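Here is entry11.csv, consisting of CSV, C-alpha atoms:
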```
chain,number,residue,atom,x,y,z
A,1306,MET,CA,9.7,14.0,-63.3
A,1307,ARG,CA,11.3,15.8,-66.2
A,1308,ALA,CA,11.2,19.0,-64.2
A,1309,LEU,CA,13.0,17.3,-61.3
A,1310,GLN,CA,15.5,15.8,-63.7
A,1311,THR,CA,16.1,19.3,-65.2
A,1312,ALA,CA,16.5,20.9,-61.8
A,1313,THR,CA,19.0,18.2,-60.6
A,1314,LEU,CA,21.0,18.5,-63.7
A,1315,LEU,CA,21.2,22.3,-63.7
A,1316,ALA,CA,22.0,22.5,-59.9
A,1317,SER,CA,24.7,19.8,-60.3
A,1318,THR,CA,26.1,21.6,-63.2
A,1319,VAL,CA,26.3,24.9,-61.4
A,1320,GLY,CA,28.0,23.2,-58.4
A,1321,ALA,CA,30.5,21.4,-60.6
A,1322,ALA,CA,31.2,24.6,-62.5
A,1323,LEU,CA,31.9,26.5,-59.2
A,1324,MET,CA,34.2,23.8,-57.9
A,1325,ALA,CA,36.1,23.5,-61.2
A,1326,GLY,CA,36.5,27.2,-61.3
A,1327,LEU,CA,37.7,27.4,-57.7
A,1328,PHE,CA,40.2,24.6,-57.9
A,1329,CYS,CA,41.4,25.7,-61.3
A,1330,ALA,CA,42.0,29.3,-60.0
A,1331,PHE,CA,44.1,27.8,-57.2
A,1332,ALA,CA,46.1,25.8,-59.8
A,1333,TYR,CA,46.8,28.7,-62.2
A,1334,ALA,CA,46.8,31.8,-60.0
A,1335,VAL,CA,46.7,31.4,-56.2
A,1336,MET,CA,49.4,28.8,-55.8
A,1337,PRO,CA,51.8,30.1,-58.4
A,1338,GLY,CA,51.4,33.5,-56.7
A,1339,LEU,CA,52.0,32.1,-53.3
A,1340,SER,CA,55.0,30.1,-54.6
A,1341,ARG,CA,56.8,33.5,-55.0
A,1342,THR,CA,56.4,34.4,-51.3
A,1343,ASP,CA,58.7,33.6,-48.4
A,1344,ASP,CA,58.0,30.6,-46.1
A,1345,ARG,CA,56.2,32.7,-43.4
A,1346,ALA,CA,53.9,34.4,-45.8
A,1347,PHE,CA,53.1,31.1,-47.6
A,1348,VAL,CA,52.3,29.2,-44.4
A,1349,ARG,CA,50.3,32.0,-42.8
A,1350,THR,CA,48.3,32.7,-46.0
A,1351,MET,CA,47.4,29.1,-46.6
A,1352,GLN,CA,46.4,28.7,-43.0
A,1353,GLN,CA,44.1,31.6,-43.3
A,1354,ILE,CA,42.7,30.5,-46.7
A,1355,ASN,CA,42.0,27.0,-45.3
A,1356,ARG,CA,40.2,28.4,-42.3
A,1357,ALA,CA,38.2,30.9,-44.3
A,1358,ILE,CA,37.0,28.5,-47.0
A,1359,ILE,CA,35.0,26.4,-44.6
A,1360,ASN,CA,31.7,28.3,-45.0
A,1361,GLY,CA,28.3,27.9,-46.6
A,1362,TRP,CA,29.4,29.6,-49.8
A,1363,PHE,CA,31.9,26.8,-50.3
A,1364,LEU,CA,30.2,23.8,-48.7
A,1365,LEU,CA,26.9,24.2,-50.5
A,1366,PRO,CA,28.3,23.9,-54.1
A,1367,PHE,CA,30.9,21.4,-52.9
A,1368,LEU,CA,28.5,19.0,-51.1
A,1369,LEU,CA,25.1,19.4,-52.8
A,1370,PRO,CA,26.1,18.0,-56.3
A,1371,LEU,CA,26.7,14.6,-54.9
A,1372,PRO,CA,23.1,13.7,-53.7
A,1373,LEU,CA,21.7,15.6,-56.7
A,1374,LEU,CA,23.9,13.5,-59.1
A,1375,VAL,CA,22.7,10.3,-57.4
A,1376,LEU,CA,19.1,11.5,-57.9
A,1377,ALA,CA,19.8,12.5,-61.5
A,1378,THR,CA,21.3,9.0,-62.1
A,1379,VAL,CA,18.3,7.3,-60.7
A,1380,LEU,CA,15.9,9.4,-62.8
A,1381,ALA,CA,18.0,8.9,-65.9
A,1382,ALA,CA,18.0,5.1,-65.3
A,1383,LYS,CA,14.2,5.2,-65.1
A,1384,GLY,CA,14.1,6.7,-68.6
A,1385,HIS,CA,13.3,10.3,-67.7
A,1386,SER,CA,16.1,11.6,-69.9
A,1387,PRO,CA,17.1,9.2,-72.7
A,1388,GLY,CA,20.8,9.1,-73.5
A,1389,THR,CA,22.0,11.0,-70.5
A,1390,LEU,CA,22.6,8.0,-68.1
A,1391,PRO,CA,26.2,7.3,-69.2
A,1392,TRP,CA,27.1,11.0,-69.0
A,1393,ILE,CA,25.4,11.6,-65.6
A,1394,THR,CA,27.1,8.4,-64.3
A,1395,ALA,CA,30.4,9.6,-65.5
A,1396,ALA,CA,29.9,13.0,-64.0
A,1397,LEU,CA,29.0,11.4,-60.7
A,1398,ALA,CA,32.1,9.1,-60.7
A,1399,LEU,CA,34.4,12.0,-61.6
A,1400,TYR,CA,32.8,14.3,-59.0
A,1401,LEU,CA,33.0,11.6,-56.4
A,1402,ALA,CA,36.7,10.9,-57.3
A,1403,ALA,CA,37.4,14.7,-56.8
A,1404,PHE,CA,35.6,14.6,-53.5
A,1405,VAL,CA,37.7,11.7,-52.3
A,1406,VAL,CA,40.9,13.4,-53.4
A,1407,THR,CA,39.9,16.5,-51.5
A,1408,GLY,CA,39.1,14.4,-48.3
A,1409,THR,CA,42.1,12.1,-48.4
A,1410,GLN,CA,44.8,14.3,-49.8
A,1411,ASN,CA,44.2,18.0,-49.6
A,1412,VAL,CA,42.3,18.2,-46.3
A,1413,PRO,CA,45.0,16.2,-44.4
A,1414,LEU,CA,47.7,18.5,-45.7
A,1415,ASN,CA,45.6,21.5,-44.7
A,1416,ASP,CA,45.1,20.1,-41.2
A,1417,ALA,CA,48.8,19.4,-40.8
A,1418,LEU,CA,49.7,22.9,-42.0
A,1419,ASP,CA,47.1,24.4,-39.6
A,1420,LYS,CA,48.9,22.9,-36.6
A,1421,ILE,CA,52.0,25.0,-37.3
A,1422,PRO,CA,52.2,27.5,-34.4
A,1423,ALA,CA,52.5,31.3,-35.1
A,1424,ASP,CA,55.8,31.5,-33.4
A,1425,THR,CA,57.5,28.8,-35.5
A,1426,GLY,CA,61.0,29.7,-36.6
A,1427,PRO,CA,62.4,29.9,-40.1
A,1428,ASP,CA,63.6,26.3,-40.2
A,1429,GLY,CA,60.2,25.0,-39.0
A,1430,LEU,CA,58.3,27.1,-41.6
A,1431,ARG,CA,60.6,25.9,-44.4
A,1432,ALA,CA,59.9,22.3,-43.3
A,1433,ALA,CA,56.2,22.9,-43.0
A,1434,ARG,CA,56.1,24.4,-46.5
A,1435,ALA,CA,58.2,21.6,-47.9
A,1436,ALA,CA,55.8,19.0,-46.4
A,1437,PHE,CA,52.8,20.8,-47.8
A,1438,GLU,CA,53.3,22.7,-51.0
A,1439,ALA,CA,54.2,20.2,-53.7
A,1440,GLY,CA,51.8,17.5,-52.6
A,1441,TRP,CA,48.9,20.0,-52.2
A,1442,VAL,CA,49.5,21.6,-55.6
A,1443,ARG,CA,49.7,18.2,-57.3
A,1444,TRP,CA,46.4,16.9,-55.7
A,1445,ASN,CA,44.7,20.2,-56.3
A,1446,THR,CA,45.5,19.9,-60.0
A,1447,VAL,CA,44.1,16.4,-60.0
A,1448,ARG,CA,40.8,17.6,-58.4
A,1449,ALA,CA,40.7,20.6,-60.7
A,1450,VAL,CA,40.9,18.2,-63.7
A,1451,LEU,CA,38.3,15.8,-62.2
A,1452,HIS,CA,35.8,18.6,-61.5
A,1453,THR,CA,36.3,20.1,-64.9
A,1454,ALA,CA,35.8,16.7,-66.5
A,1455,SER,CA,32.7,16.2,-64.4
A,1456,LEU,CA,31.4,19.6,-65.6
A,1457,GLY,CA,32.0,18.6,-69.2
A,1458,ALA,CA,30.0,15.4,-68.7
A,1459,LEU,CA,27.2,17.3,-67.1
A,1460,LEU,CA,27.1,19.9,-69.8
A,1461,TRP,CA,26.7,17.2,-72.4
A,1462,ALA,CA,24.0,15.5,-70.3
A,1463,VAL,CA,22.2,18.9,-70.1
A,1464,HIS,CA,22.5,19.2,-73.9
A,1465,LEU,CA,21.1,15.6,-74.4
A,1466,HIS,CA,18.3,16.3,-71.8
A,1467,GLY,CA,17.3,19.4,-73.7
A,1468,ALA,CA,17.4,17.6,-77.1
A,1469,ALA,CA,15.2,14.9,-75.7
A,1470,ALA,CA,12.7,17.5,-74.4
A,1471,ARG,CA,12.6,19.1,-77.8
A,1472,GLU,CA,11.9,15.8,-79.4
A,1473,LEU,CA,9.1,15.1,-77.0
A,1474,GLY,CA,7.6,18.5,-77.6
A,1475,ALA,CA,7.8,18.1,-81.4
```
Represent the structure from my file as structure tokens, please.
Amino acid sequence: MRALQTATLLASTVGAALMAGLFCAFAYAVMPGLSRTDDRAFVRTMQQINRAIINGWFLLPFLLPLPLLVLATVLAAKGHSPGTLPWITAALALYLAAFVVTGTQNVPLNDALDKIPADTGPDGLRAARAAFEAGWVRWNTVRAVLHTASLGALLWAVHLHGAAARELGA
């Protein structure tokens, strides 16, 4: 069972790291860069990004950590990794909160922006951007922080898991 616990912790940590990195990159590079573009470029670029991101390279590290963290929590509760339970539970709660933010805040904004037709005039593009940008940036920052905090909790759980393994081996 220790091997399964190790695998779930490592895979969850990789997923959390990928998501924290992605959402942080949007927070400190992509969105500030797009904020300097005109309304048409902003709307069209975000539409294309939002369409392109729905793929296996995104969905696997975004979705897989949730069931793995549930399994890691169960294994830790059964005593397979002493001291890690609070950290794994915290990582799960933080990751789940970020998942909820994505589904309830960012995705609806993405969906609304996706409905803006290609032939929309300047006033419509300005309005679409105004309805999207500030809220999306705010909620993306929230999920970036949540994923980063989840990653931190997981890294500490991995450390504790390794320390417990060393004690058992000694």
Shell of 8 Å around range 1387-1392 of chain A, all atoms listed in the file, local chain residues under 2 positions omitted, as a ChimeraX atom specification: /A:1378,1381-1382,1384-1385,1394-1396,1458-1459,1461-1463,1465-1466,1469
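With distances restricted to all atoms listed in the file, A:Arg1307 is the closest residue to Leu1473 in chain A from A:Ile1354, A:Arg1307, A:Leu1460, A:Phe1328.
In this comparison, which uses all atoms listed in the file, the residue of A:Leu1451, A:Arg1345, A:Leu1399, A:Pro1372 approaching Asp1428 in chain A most closely is A:Arg1345.
The shortest atom-to-atom distance to Ile1358 in chain A, with only C-alpha atoms taken into account, belongs to A:Val1412 out of A:Ala1449, A:Cys1329, A:Ala1403, A:Val1412.
For the pair CA of Asn1355 in chain A and CA of Pro1413 in chain A, the interatomic distance is 11.2 Å.
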Do you know which residues are at most 10 Å from Ala1402 in chain A counting all atoms listed in the file, after dropping those on the same chain fewer than 3 positions away, and could you put them as a VMD selection string? chain A and resid 1396 to 1399 1405 to 1408 1447 to 1448 1451 to 1452 1455
As AutoDock Vina command-line options, please: the centre and edge lengths in Å, to one decimal, of an axis-aligned box enclosing every listed atom of range 1442-1447 of chain A with 3 Å added on each side.
```
--center_x 46.9 --center_y 19.0 --center_z -57.8 --size_x 11.6 --size_y 11.2 --size_z 10.4
```
